[in-house]
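Colleague: The structure file coords_1.txt (compact mmCIF, C-alpha atoms and all ligand atoms) is provided below.
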# COMPACT_ATOMS: atom_id res chain seq x y z
CA MET H 243 15.01 47.94 -47.60
CA ARG H 244 15.20 47.63 -51.37
CA ILE H 245 18.25 48.87 -53.20
CA LYS H 246 17.28 50.95 -56.23
CA SER H 247 17.84 49.33 -59.56
CA TYR H 248 19.58 51.37 -62.20
CA SER H 249 19.39 50.81 -65.93
CA VAL H 250 20.80 47.82 -67.73
CA PHE H 251 22.38 50.29 -70.15
CA ARG H 252 24.39 51.79 -67.30
CA LEU H 253 25.48 48.35 -66.17
CA PHE H 254 26.94 47.61 -69.59
CA PHE H 255 28.52 51.04 -69.66
CA VAL H 256 30.21 50.39 -66.33
CA LEU H 257 31.30 46.94 -67.45
CA LEU H 258 32.94 48.50 -70.46
CA VAL H 259 34.61 51.42 -68.77
CA VAL H 260 35.69 49.75 -65.56
CA PRO H 261 38.71 47.80 -66.73
CA TYR H 262 38.89 45.72 -63.63
CA LEU H 263 36.07 43.59 -62.26
CA VAL H 264 35.80 42.99 -58.57
CA PHE H 265 35.37 39.35 -57.70
CA GLY H 266 35.74 38.37 -54.09
CA TRP H 267 37.47 35.66 -52.18
CA GLY H 268 37.97 32.56 -54.25
CA TYR H 269 35.51 29.69 -54.18
CA GLN H 270 37.31 27.78 -51.43
CA THR H 271 37.38 30.71 -49.03
CA HIS H 272 33.69 31.55 -49.50
CA ARG H 273 32.85 27.88 -49.06
CA VAL H 274 34.73 27.70 -45.75
CA ILE H 275 33.03 30.85 -44.44
CA ASN H 276 29.50 29.62 -45.21
CA TYR H 277 30.21 26.10 -44.00
CA TYR H 278 31.70 26.94 -40.61
CA SER H 279 29.17 29.66 -39.78
CA ILE H 280 26.59 26.93 -39.36
CA LYS H 281 28.59 25.38 -36.55
CA ASN H 282 28.24 28.48 -34.37
CA LEU H 283 24.45 28.58 -34.39
CA PRO H 284 22.47 27.81 -31.21
CA THR H 285 20.79 24.43 -30.76
CA GLU H 286 17.35 25.88 -31.63
CA MET H 287 18.72 26.39 -35.14
CA GLU H 288 20.41 23.01 -35.19
CA LYS H 289 18.44 21.70 -38.19
CA ILE H 290 20.11 24.21 -40.47
CA LYS H 291 23.11 21.87 -40.29
CA ILE H 292 21.34 19.59 -42.77
CA TYR H 293 21.84 22.35 -45.33
CA ALA H 294 25.54 22.93 -44.67
CA ASP H 295 26.64 21.46 -47.99
CA TYR H 296 24.01 23.39 -49.94
CA LEU H 297 24.88 26.70 -48.27
CA SER H 298 28.59 26.24 -48.87
CA LEU H 299 28.25 24.83 -52.40
CA HIS H 300 26.44 27.99 -53.52
CA SER H 301 28.57 30.43 -51.54
CA SER H 302 30.13 31.95 -54.67
CA ASP H 303 26.97 32.01 -56.81
CA PRO H 304 26.41 35.78 -56.44
CA ASP H 305 29.69 36.32 -58.32
CA ASN H 306 28.04 34.64 -61.34
CA TRP H 307 24.89 36.75 -61.01
CA ARG H 308 26.73 39.84 -62.28
CA ILE H 309 26.20 38.55 -65.79
CA PHE H 310 22.40 38.82 -65.66
CA ILE H 311 21.43 40.98 -62.66
CA PRO H 312 21.72 44.74 -63.16
CA ASP H 313 23.75 46.34 -60.38
CA GLU H 314 24.84 43.01 -58.90
CA GLN H 315 28.53 43.83 -59.20
CA PHE H 316 28.08 46.87 -56.92
CA ARG H 317 26.83 44.70 -54.07
CA HIS H 318 30.21 43.03 -53.58
CA TYR H 319 32.23 46.00 -52.36
CA ILE H 320 32.22 49.53 -51.03
CA ASN H 321 35.01 52.03 -51.47
CA LEU H 322 35.04 53.57 -48.02
CA ASP H 323 37.71 56.04 -49.09
CA ASP H 324 35.65 57.46 -51.95
CA PHE H 325 33.77 59.86 -49.69
CA ALA H 326 35.52 59.80 -46.33
CA SER H 327 38.91 59.14 -44.85
CA TRP H 328 40.30 57.09 -42.02
CA PRO H 329 38.93 56.50 -39.37
CA PHE H 330 35.69 56.97 -41.31
CA ASP H 331 33.71 58.51 -38.46
CA LYS H 332 31.88 60.76 -40.92
CA LEU H 333 30.66 58.01 -43.23
CA GLN H 334 27.10 58.27 -44.41
CA LYS H 335 25.67 54.94 -43.31
CA LYS H 336 22.00 55.33 -44.08
CA TYR H 337 21.29 54.19 -47.62
CA GLU H 338 18.48 56.70 -48.21
CA ASN H 339 20.72 59.62 -47.16
CA PHE H 340 23.61 58.26 -49.16
CA VAL H 341 21.47 58.00 -52.29
CA GLU H 342 20.03 61.48 -51.76
CA ARG H 343 23.46 63.08 -51.50
CA HIS H 344 25.13 61.42 -54.45
CA THR H 345 24.42 60.79 -58.10
CA ALA H 346 23.42 57.34 -59.27
CA GLU H 347 26.85 56.88 -60.83
CA GLU H 348 28.60 57.79 -57.59
CA VAL H 349 26.44 55.39 -55.61
CA GLU H 350 27.15 52.57 -58.01
CA ASN H 351 30.84 53.19 -58.41
CA THR H 352 31.33 53.45 -54.67
CA GLY H 353 29.59 50.16 -54.08
CA LEU H 354 26.58 48.97 -52.13
CA LEU H 355 27.85 46.13 -49.97
CA PRO H 356 26.56 47.06 -46.48
CA TRP H 357 23.05 47.78 -47.73
CA ALA H 358 23.04 44.64 -49.84
CA VAL H 359 23.68 42.59 -46.69
CA VAL H 360 20.75 44.25 -44.94
CA GLU H 361 18.52 43.83 -47.99
CA TYR H 362 19.09 40.06 -47.95
CA LEU H 363 18.86 39.89 -44.17
CA ASP H 364 15.35 41.34 -44.42
CA LEU H 365 14.52 39.06 -47.34
CA MET H 366 15.69 36.02 -45.38
CA THR H 367 13.43 37.01 -42.51
CA VAL H 368 10.43 37.61 -44.78
CA ASN H 369 10.93 34.28 -46.55
CA MET H 370 11.16 32.41 -43.25
CA LYS H 371 8.00 34.11 -41.99
CA LYS H 372 6.18 33.09 -45.18
CA ASN H 373 7.44 29.52 -44.84
CA ARG H 374 9.38 29.90 -48.10
CA TRP H 375 12.40 27.99 -46.87
CA PRO H 376 14.16 27.30 -50.18
CA GLU H 377 14.15 31.06 -50.85
CA ALA H 378 15.31 31.77 -47.28
CA PHE H 379 18.30 29.45 -47.77
CA VAL H 380 19.28 31.29 -50.96
CA CYS H 381 19.22 34.55 -48.98
CA ALA H 382 21.36 32.85 -46.33
CA TYR H 383 24.11 31.90 -48.78
CA VAL H 384 23.97 35.34 -50.41
CA ILE H 385 24.50 37.07 -47.04
CA GLY H 386 27.42 34.69 -46.52
CA HIS H 387 28.94 35.75 -49.81
CA TYR H 388 28.66 39.48 -49.16
CA ILE H 389 29.92 39.15 -45.59
CA GLY H 390 32.84 37.16 -46.95
CA ASP H 391 33.58 39.93 -49.45
CA ALA H 392 33.32 42.54 -46.67
CA HIS H 393 36.23 40.79 -44.97
CA GLN H 394 38.43 40.92 -48.06
CA PRO H 395 40.31 44.19 -47.40
CA PHE H 396 40.52 45.08 -51.09
CA HIS H 397 36.73 45.18 -51.27
CA THR H 398 36.70 48.28 -49.08
CA THR H 399 38.88 50.67 -51.05
CA LYS H 400 39.12 52.50 -54.35
CA ASN H 401 42.70 51.21 -54.48
CA HIS H 402 41.12 47.77 -54.93
CA ASP H 403 43.85 46.43 -57.15
CA GLY H 404 46.77 48.39 -55.76
CA GLN H 405 46.61 50.54 -58.88
CA PHE H 406 47.31 53.78 -56.98
CA THR H 407 50.27 52.45 -55.01
CA GLY H 408 52.26 50.48 -57.56
CA ASN H 409 50.81 47.15 -56.42
CA PHE H 410 48.79 46.39 -59.53
CA GLY H 411 47.29 42.91 -59.52
CA ILE H 412 47.39 42.49 -55.73
CA HIS H 413 43.63 41.86 -55.49
CA LYS H 414 43.70 38.54 -57.27
CA ARG H 415 47.14 37.60 -56.00
CA TYR H 416 45.96 38.04 -52.42
CA GLU H 417 42.54 36.43 -52.58
CA ILE H 418 43.04 33.64 -55.11
CA GLU H 419 46.68 32.72 -55.57
CA LEU H 420 47.54 33.27 -51.93
CA THR H 421 44.50 32.67 -49.73
CA ASP H 422 42.39 30.27 -51.75
CA SER H 423 45.29 27.97 -52.44
CA ARG H 424 46.26 27.88 -48.76
CA ILE H 425 42.75 27.41 -47.41
CA LYS H 426 43.76 24.15 -45.69
CA GLU H 427 46.08 26.18 -43.46
CA ILE H 428 43.16 28.25 -42.20
CA LYS H 429 42.46 27.26 -38.65
CA VAL H 430 38.85 27.87 -37.72
CA GLU H 431 38.83 29.11 -34.16
CA LYS H 432 36.09 28.52 -31.63
CA ALA H 433 33.79 31.51 -31.96
CA PRO H 434 32.08 33.32 -29.09
CA ASN H 435 28.33 32.81 -28.65
CA VAL H 436 26.32 34.34 -31.46
CA LYS H 437 24.72 37.66 -30.69
CA TYR H 438 21.63 39.39 -31.99
CA ILE H 439 22.55 42.32 -34.25
CA SER H 440 20.17 45.19 -33.57
CA LYS H 441 21.85 47.60 -36.01
CA PRO H 442 22.99 45.49 -38.95
CA VAL H 443 24.13 48.44 -41.11
CA ASP H 444 26.42 49.70 -38.34
CA PHE H 445 27.61 46.14 -37.74
CA VAL H 446 28.63 45.71 -41.39
CA PHE H 447 30.32 49.13 -41.52
CA GLU H 448 32.36 48.19 -38.45
CA ILE H 449 33.49 45.05 -40.26
CA LEU H 450 34.40 47.06 -43.37
CA ILE H 451 36.42 49.62 -41.44
CA LYS H 452 38.31 46.84 -39.67
CA SER H 453 38.93 45.19 -43.04
CA TYR H 454 40.22 48.46 -44.45
CA SER H 455 42.74 48.76 -41.62
CA ASN H 456 44.56 45.69 -42.97
CA ILE H 457 45.23 47.02 -46.45
CA GLU H 458 48.48 48.76 -45.67
CA GLN H 459 50.14 45.68 -44.23
CA ILE H 460 49.27 43.59 -47.29
CA LEU H 461 50.46 46.31 -49.68
CA ASP H 462 53.70 46.72 -47.74
CA ALA H 463 54.38 43.01 -47.97
CA ASP H 464 53.62 43.03 -51.70
CA THR H 465 55.94 46.00 -52.25
CA LYS H 466 58.70 44.24 -50.32
CA TYR H 467 58.48 40.93 -52.17
CA ARG H 468 57.13 41.71 -55.64
CA LYS H 469 60.66 41.66 -57.04
CA TYR H 470 60.39 37.84 -56.80
CA LEU H 471 57.13 37.66 -58.73
CA GLY H 472 58.64 37.34 -62.18
CA LYS H 473 61.26 34.64 -61.70
CA GLU H 474 60.50 33.19 -58.28
CA PRO H 475 56.73 33.41 -57.78
CA GLU H 476 56.78 30.62 -55.20
CA LYS H 477 59.18 32.63 -53.06
CA TYR H 478 56.94 35.70 -53.46
CA TYR H 479 53.85 33.84 -52.25
CA LYS H 480 55.69 32.14 -49.41
CA LEU H 481 56.95 35.46 -48.08
CA LEU H 482 53.64 37.23 -48.69
CA TRP H 483 51.86 34.51 -46.75
CA GLU H 484 54.29 34.77 -43.85
CA ASP H 485 53.54 38.47 -43.55
CA THR H 486 49.77 38.27 -44.06
CA LYS H 487 48.68 34.91 -42.69
CA GLY H 488 47.73 36.44 -39.34
CA ILE H 489 45.48 39.03 -40.97
CA THR H 490 43.87 36.48 -43.26
CA LEU H 491 43.11 34.03 -40.48
CA GLN H 492 41.63 36.80 -38.41
CA GLN H 493 39.50 38.03 -41.34
CA ILE H 494 38.13 34.60 -42.18
CA ASN H 495 37.34 33.79 -38.57
CA SER H 496 35.67 37.15 -38.18
CA ALA H 497 33.58 36.48 -41.31
CA ILE H 498 32.46 33.13 -39.94
CA TYR H 499 31.36 34.67 -36.67
CA ALA H 500 29.66 37.69 -38.26
CA LEU H 501 27.72 35.45 -40.61
CA SER H 502 26.49 33.25 -37.74
CA CYS H 503 25.27 36.37 -35.94
CA LEU H 504 23.42 37.63 -39.04
CA TRP H 505 21.72 34.29 -39.76
CA TYR H 506 20.71 34.16 -36.11
CA THR H 507 19.37 37.72 -36.31
CA ALA H 508 17.27 36.95 -39.42
CA TRP H 509 15.83 33.91 -37.65
CA VAL H 510 15.01 35.83 -34.45
CA ASN H 511 13.37 38.58 -36.53
CA ALA H 512 11.23 35.91 -38.20
CA GLY H 513 9.92 34.86 -34.77
CA ARG H 514 12.29 31.92 -34.17
CA PRO H 515 10.48 29.50 -36.52
CA GLU H 516 11.20 25.80 -36.46
CA ILE H 517 13.60 25.00 -39.30
CA PRO H 518 11.98 22.25 -41.40
CA GLU H 519 13.67 19.24 -42.93
CA ILE H 520 12.90 19.75 -46.58
CA LYS H 521 13.88 17.33 -49.30
CA GLU H 522 17.02 18.10 -51.23
CA ASP H 523 15.15 18.32 -54.51
CA ARG H 524 13.02 21.14 -53.11
CA LEU H 525 16.06 23.35 -52.55
CA LEU H 526 16.52 25.90 -55.32
CA PRO H 527 19.16 25.10 -57.92
CA ALA H 528 21.73 27.74 -58.90
CA ILE H 529 19.95 30.90 -60.07
CA GLU H 530 20.70 31.50 -63.70
CA ASN H 531 18.45 34.33 -64.78
CA GLU H 532 16.93 37.54 -63.49
CA ASN H 533 13.34 36.23 -63.38
CA VAL H 534 14.24 33.46 -60.96
CA TRP H 535 16.26 35.93 -58.89
CA ARG H 536 13.22 38.23 -58.64
CA GLN H 537 11.22 35.39 -57.12
CA LEU H 538 13.31 35.67 -53.96
CA ARG H 539 11.51 38.92 -53.25
ZN ZN W 601 31.81 38.72 -54.55
Output the file's structure as structure tokens, nothing else.
Ligand SMILES: [Zn+2]
Modeller:
Amino acid sequence: MRIKSYSVFRLFFVLLVVPYLVFGWGYQTHRVINYYSIKNLPTEMEKIKIYADYLSLHSSDPDNWRIFIPDEQFRHYINLDDFASWPFDKLQKKYENFVERHTAEEVENTGLLPWAVVEYLDLMTVNMKKNRWPEAFVCAYVIGHYIGDAHQPFHTTKNHDGQFTGNFGIHKRYEIELTDSRIKEIKVEKAPNVKYISKPVDFVFEILIKSYSNIEQILDADTKYRKYLGKEPEKYYKLLWEDTKGITLQQINSAIYALSCLWYTAWVNAGRPEIPEIKEDRLLPAIENENVWRQLR
């Protein structure tokens, strides 16, 4: 599946008119998700452990790609509530149908996250089949990034910064000031055995809907404690963490497990190839322009 590319002009237009840019979890949280996912993989994939540092070091790279890749910013979120309402049983999950029914602007503004995951899942498989391992590892860390973002509840809603509920600024407060700075408190639980994902789009939508279900609790906590933000920010974050730590731990552990399952799925789809031990200098450095990015395809 290849997500359609819209014009660079439109990208700049959106960058200008959308006052708020969606980022994602902070660097530390993405790093933890990519790093620990490796630990869940079956012994046949054991050699991927050699690349643990590489896969976690680059876990936030796709956030930087928005500067030079048209449409990249849309891959990091989806506003489930733009076209459907809870419990989202009428969501249009097939990308082709979704694109057919909406204008290009609607598709972009709503976000492309679930289809972006599947796009890179397929690319990872193709690259493994072609023995292009450095490219396959880039796809692996990109899937990790998007799956991480899918577990950040504010990446699933048009109220992504609390702007419609009087919680303005909650996005960054929750993911960076709160979660990223408390990453050492995140206890990584033992995950169940990885499973093969036969319907990856449905799998990602399930994750997104679950993520969405946590928004209210975080907003409620913010509403309760935001009076401390001005003069006693430490008190605000302490109380916010008390009320949301459970959700956050659950989301990060779920991200770790989901990512293991998707990496496993890409590998099975590639015919369970032996993972080679390639030299560190053969791994691709951070991608810094569109031409290099296109070479993943
Ligand atoms: Zn992101």
Colleague: Could you build a table of the residues in chain H lying no more than 12 Å from ligand ZN 601 (chain W), giving for each the nearest pair of atoms and their separation in Å rounded to one decimal place, using all atoms listed in the file, ordered by chain and ascending residue number, as a tab-separated table?
Modeller:
residue	atom	partner	partner_atom	distance
H:Leu263	CA	W:ZN601	ZN	10.1
H:Val264	CA	W:ZN601	ZN	7.1
H:Phe265	CA	W:ZN601	ZN	4.8
H:Gly266	CA	W:ZN601	ZN	4.0
H:Trp267	CA	W:ZN601	ZN	6.9
H:Gly268	CA	W:ZN601	ZN	8.7
H:Tyr269	CA	W:ZN601	ZN	9.8
H:Thr271	CA	W:ZN601	ZN	11.2
H:His272	CA	W:ZN601	ZN	9.0
H:Ser301	CA	W:ZN601	ZN	9.4
H:Ser302	CA	W:ZN601	ZN	7.0
H:Asp303	CA	W:ZN601	ZN	8.6
H:Pro304	CA	W:ZN601	ZN	6.4
H:Asp305	CA	W:ZN601	ZN	4.9
H:Asn306	CA	W:ZN601	ZN	8.8
H:Trp307	CA	W:ZN601	ZN	9.7
H:Arg308	CA	W:ZN601	ZN	9.3
H:Glu314	CA	W:ZN601	ZN	9.3
H:Gln315	CA	W:ZN601	ZN	7.6
H:Phe316	CA	W:ZN601	ZN	9.3
H:Arg317	CA	W:ZN601	ZN	7.8
H:His318	CA	W:ZN601	ZN	4.7
H:Tyr319	CA	W:ZN601	ZN	7.6
H:Ile320	CA	W:ZN601	ZN	11.4
H:Gly353	CA	W:ZN601	ZN	11.7
H:Leu354	CA	W:ZN601	ZN	11.8
H:Leu355	CA	W:ZN601	ZN	9.6
H:Ala358	CA	W:ZN601	ZN	11.6
H:Val359	CA	W:ZN601	ZN	12.0
H:Tyr383	CA	W:ZN601	ZN	11.8
H:Val384	CA	W:ZN601	ZN	9.5
H:Ile385	CA	W:ZN601	ZN	10.6
H:Gly386	CA	W:ZN601	ZN	10.0
H:His387	CA	W:ZN601	ZN	6.3
H:Tyr388	CA	W:ZN601	ZN	6.3
H:Ile389	CA	W:ZN601	ZN	9.2
H:Gly390	CA	W:ZN601	ZN	7.8
H:Asp391	CA	W:ZN601	ZN	5.5
H:Ala392	CA	W:ZN601	ZN	8.9
H:His393	CA	W:ZN601	ZN	10.8
H:Gln394	CA	W:ZN601	ZN	9.5
H:Phe396	CA	W:ZN601	ZN	11.3
H:His397	CA	W:ZN601	ZN	8.8
H:Glu417	CA	W:ZN601	ZN	11.1
Colleague: Quick check, in Å to one decimal: how far apart do CA of Tyr467 in chain H and CA of Asn321 in chain H lie?
Modeller: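 For CA of Tyr467 in chain H relative to CA of Asn321 in chain H, the distance reads 26.0 Å.
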Colleague: Please provide as a list in words all residues within 7 Å of range 366-380 of chain H, with the sequence filter that same-chain residues fewer than 3 positions apart are discarded (counting only C-alpha atoms).
Modeller: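 Contacts, in chain order: Tyr362, Leu363, Tyr383, Val384, Ala508, Trp509, Asn511, Ala512, Arg524, Leu525, Leu526 and Leu538 of chain H.
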Colleague: Using only C-alpha atoms, list the residues that have an atom at most 12 Å from (49.7, 45.6, -59.7), coordinates as in the file, as a PyMOL selection string.
Modeller: chain H and resi 262+401-416+461+464-465+468-469+471
Colleague: Pick out the closest residue to Leu297 in chain H from this set: H:Gly472, H:Pro527, H:Pro356, H:Pro434. Count all atoms listed in the file.
Modeller: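 For Leu297 in chain H, the nearest of the given residues is H:Pro527.
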Colleague: Nearest to Val274 in chain H: which of H:Asp444, H:Glu427, H:Glu419, H:Glu348 is it, counting all atoms listed in the file?
Modeller: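 Ranking H:Asp444, H:Glu427, H:Glu419, H:Glu348 by distance to Val274 in chain H, first place goes to H:Glu427.
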Colleague: Rounded to one decimal, what separation in Å do you get between CA of Glu286 in chain H and CA of Lys432 in chain H?
Modeller: 18.9 Å
Colleague: Figure out the distance between CA of Arg424 in chain H and CA of Lys281 in chain H, please, to one decimal in Å.
Modeller: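 Separating CA of Lys281 in chain H from CA of Arg424 in chain H is a distance of 21.6 Å.
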Colleague: Could you list as a PDB file with C-alpha atoms, in the coordinates of the input every residue that has an atom within 12 Å of (25.5, 24.7, -32.4), using the file's coordinates and counting all atoms listed in the file?
Modeller:
ATOM      1  CA  TYR H 278      31.700  26.940 -40.610  1.00  0.00           C
ATOM      2  CA  SER H 279      29.170  29.660 -39.780  1.00  0.00           C
ATOM      3  CA  ILE H 280      26.590  26.930 -39.360  1.00  0.00           C
ATOM      4  CA  LYS H 281      28.590  25.380 -36.550  1.00  0.00           C
ATOM      5  CA  ASN H 282      28.240  28.480 -34.370  1.00  0.00           C
ATOM      6  CA  LEU H 283      24.450  28.580 -34.390  1.00  0.00           C
ATOM      7  CA  PRO H 284      22.470  27.810 -31.210  1.00  0.00           C
ATOM      8  CA  THR H 285      20.790  24.430 -30.760  1.00  0.00           C
ATOM      9  CA  GLU H 286      17.350  25.880 -31.630  1.00  0.00           C
ATOM     10  CA  MET H 287      18.720  26.390 -35.140  1.00  0.00           C
ATOM     11  CA  GLU H 288      20.410  23.010 -35.190  1.00  0.00           C
ATOM     12  CA  LYS H 289      18.440  21.700 -38.190  1.00  0.00           C
ATOM     13  CA  ILE H 290      20.110  24.210 -40.470  1.00  0.00           C
ATOM     14  CA  LYS H 291      23.110  21.870 -40.290  1.00  0.00           C
ATOM     15  CA  LYS H 432      36.090  28.520 -31.630  1.00  0.00           C
ATOM     16  CA  ALA H 433      33.790  31.510 -31.960  1.00  0.00           C
ATOM     17  CA  PRO H 434      32.080  33.320 -29.090  1.00  0.00           C
ATOM     18  CA  ASN H 435      28.330  32.810 -28.650  1.00  0.00           C
ATOM     19  CA  VAL H 436      26.320  34.340 -31.460  1.00  0.00           C
ATOM     20  CA  SER H 502      26.490  33.250 -37.740  1.00  0.00           C
ATOM     21  CA  TYR H 506      20.710  34.160 -36.110  1.00  0.00           C
TER      22      TYR H 506
END
Colleague: Pick the closest to Gln459 in chain H from H:Leu482, H:Ala497, H:Ala346, H:Val443: which is it, counting all atoms listed in the file?
Modeller: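 Going through H:Leu482, H:Ala497, H:Ala346, H:Val443 one by one, the smallest distance to Gln459 in chain H is for H:Leu482.
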Colleague: Report the centre and edge lengths, in Å to one decimal, of an axis-aligned box enclosing every atom of range 381-393 of chain H listed in the file, padded by 4 Å on each side, as AutoDock Vina command-line options.
Modeller:
--center_x 27.7 --center_y 37.2 --center_z -47.7 --size_x 25.0 --size_y 18.6 --size_z 13.4
Colleague: Using the partial input, fill out range 459-485 of chain H with N, CA and C atoms; write the result as a PDB file, in the frame of the given file.
Modeller:
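Once everything was written out, this is part.pdb:
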ATOM      1  N   GLN H 459      49.197  46.769 -44.516  1.00  0.00           N
ATOM      2  CA  GLN H 459      50.140  45.680 -44.230  1.00  0.00           C
ATOM      3  C   GLN H 459      50.309  44.744 -45.435  1.00  0.00           C
ATOM      4  N   ILE H 460      49.197  44.482 -46.124  1.00  0.00           N
ATOM      5  CA  ILE H 460      49.270  43.590 -47.290  1.00  0.00           C
ATOM      6  C   ILE H 460      50.041  44.278 -48.422  1.00  0.00           C
ATOM      7  N   LEU H 461      49.750  45.572 -48.627  1.00  0.00           N
ATOM      8  CA  LEU H 461      50.460  46.310 -49.680  1.00  0.00           C
ATOM      9  C   LEU H 461      51.952  46.405 -49.380  1.00  0.00           C
ATOM     10  N   ASP H 462      52.283  46.637 -48.129  1.00  0.00           N
ATOM     11  CA  ASP H 462      53.700  46.720 -47.740  1.00  0.00           C
ATOM     12  C   ASP H 462      54.422  45.419 -48.052  1.00  0.00           C
ATOM     13  N   ALA H 463      53.760  44.309 -47.719  1.00  0.00           N
ATOM     14  CA  ALA H 463      54.380  43.010 -47.970  1.00  0.00           C
ATOM     15  C   ALA H 463      54.562  42.802 -49.474  1.00  0.00           C
ATOM     16  N   ASP H 464      53.534  43.170 -50.237  1.00  0.00           N
ATOM     17  CA  ASP H 464      53.620  43.030 -51.700  1.00  0.00           C
ATOM     18  C   ASP H 464      54.766  43.872 -52.253  1.00  0.00           C
ATOM     19  N   THR H 465      54.871  45.096 -51.773  1.00  0.00           N
ATOM     20  CA  THR H 465      55.940  46.000 -52.250  1.00  0.00           C
ATOM     21  C   THR H 465      57.303  45.398 -51.942  1.00  0.00           C
ATOM     22  N   LYS H 466      57.422  44.803 -50.755  1.00  0.00           N
ATOM     23  CA  LYS H 466      58.700  44.240 -50.320  1.00  0.00           C
ATOM     24  C   LYS H 466      59.119  43.045 -51.181  1.00  0.00           C
ATOM     25  N   TYR H 467      58.130  42.218 -51.552  1.00  0.00           N
ATOM     26  CA  TYR H 467      58.480  40.930 -52.170  1.00  0.00           C
ATOM     27  C   TYR H 467      58.178  40.832 -53.663  1.00  0.00           C
ATOM     28  N   ARG H 468      57.563  41.850 -54.241  1.00  0.00           N
ATOM     29  CA  ARG H 468      57.130  41.710 -55.640  1.00  0.00           C
ATOM     30  C   ARG H 468      58.297  41.532 -56.616  1.00  0.00           C
ATOM     31  N   LYS H 469      59.485  41.880 -56.181  1.00  0.00           N
ATOM     32  CA  LYS H 469      60.660  41.660 -57.040  1.00  0.00           C
ATOM     33  C   LYS H 469      60.839  40.167 -57.371  1.00  0.00           C
ATOM     34  N   TYR H 470      60.274  39.293 -56.547  1.00  0.00           N
ATOM     35  CA  TYR H 470      60.390  37.840 -56.800  1.00  0.00           C
ATOM     36  C   TYR H 470      59.312  37.312 -57.738  1.00  0.00           C
ATOM     37  N   LEU H 471      58.295  38.144 -57.981  1.00  0.00           N
ATOM     38  CA  LEU H 471      57.130  37.660 -58.730  1.00  0.00           C
ATOM     39  C   LEU H 471      57.483  37.079 -60.098  1.00  0.00           C
ATOM     40  N   GLY H 472      58.313  37.773 -60.827  1.00  0.00           N
ATOM     41  CA  GLY H 472      58.640  37.340 -62.180  1.00  0.00           C
ATOM     42  C   GLY H 472      59.326  35.988 -62.246  1.00  0.00           C
ATOM     43  N   LYS H 473      60.463  35.872 -61.550  1.00  0.00           N
ATOM     44  CA  LYS H 473      61.260  34.640 -61.700  1.00  0.00           C
ATOM     45  C   LYS H 473      61.062  33.628 -60.578  1.00  0.00           C
ATOM     46  N   GLU H 474      60.662  34.122 -59.410  1.00  0.00           N
ATOM     47  CA  GLU H 474      60.500  33.190 -58.280  1.00  0.00           C
ATOM     48  C   GLU H 474      59.131  33.406 -57.621  1.00  0.00           C
ATOM     49  N   PRO H 475      58.055  33.150 -58.361  1.00  0.00           N
ATOM     50  CA  PRO H 475      56.730  33.410 -57.780  1.00  0.00           C
ATOM     51  C   PRO H 475      56.470  32.620 -56.490  1.00  0.00           C
ATOM     52  N   GLU H 476      57.020  31.416 -56.412  1.00  0.00           N
ATOM     53  CA  GLU H 476      56.780  30.620 -55.200  1.00  0.00           C
ATOM     54  C   GLU H 476      57.357  31.313 -53.968  1.00  0.00           C
ATOM     55  N   LYS H 477      58.548  31.904 -54.175  1.00  0.00           N
ATOM     56  CA  LYS H 477      59.180  32.630 -53.060  1.00  0.00           C
ATOM     57  C   LYS H 477      58.320  33.844 -52.677  1.00  0.00           C
ATOM     58  N   TYR H 478      57.799  34.532 -53.716  1.00  0.00           N
ATOM     59  CA  TYR H 478      56.940  35.700 -53.460  1.00  0.00           C
ATOM     60  C   TYR H 478      55.745  35.295 -52.591  1.00  0.00           C
ATOM     61  N   TYR H 479      55.054  34.219 -52.994  1.00  0.00           N
ATOM     62  CA  TYR H 479      53.850  33.840 -52.250  1.00  0.00           C
ATOM     63  C   TYR H 479      54.169  33.317 -50.858  1.00  0.00           C
ATOM     64  N   LYS H 480      55.292  32.660 -50.734  1.00  0.00           N
ATOM     65  CA  LYS H 480      55.690  32.140 -49.410  1.00  0.00           C
ATOM     66  C   LYS H 480      55.911  33.313 -48.454  1.00  0.00           C
ATOM     67  N   LEU H 481      56.651  34.301 -48.937  1.00  0.00           N
ATOM     68  CA  LEU H 481      56.950  35.460 -48.080  1.00  0.00           C
ATOM     69  C   LEU H 481      55.699  36.302 -47.821  1.00  0.00           C
ATOM     70  N   LEU H 482      54.871  36.461 -48.860  1.00  0.00           N
ATOM     71  CA  LEU H 482      53.640  37.230 -48.690  1.00  0.00           C
ATOM     72  C   LEU H 482      52.739  36.569 -47.648  1.00  0.00           C
ATOM     73  N   TRP H 483      52.683  35.257 -47.708  1.00  0.00           N
ATOM     74  CA  TRP H 483      51.860  34.510 -46.750  1.00  0.00           C
ATOM     75  C   TRP H 483      52.390  34.666 -45.327  1.00  0.00           C
ATOM     76  N   GLU H 484      53.702  34.611 -45.193  1.00  0.00           N
ATOM     77  CA  GLU H 484      54.290  34.770 -43.850  1.00  0.00           C
ATOM     78  C   GLU H 484      53.873  36.109 -43.236  1.00  0.00           C
ATOM     79  N   ASP H 485      53.855  37.139 -44.074  1.00  0.00           N
ATOM     80  CA  ASP H 485      53.540  38.470 -43.550  1.00  0.00           C
ATOM     81  C   ASP H 485      52.041  38.731 -43.392  1.00  0.00           C
TER      82      ASP H 485
END
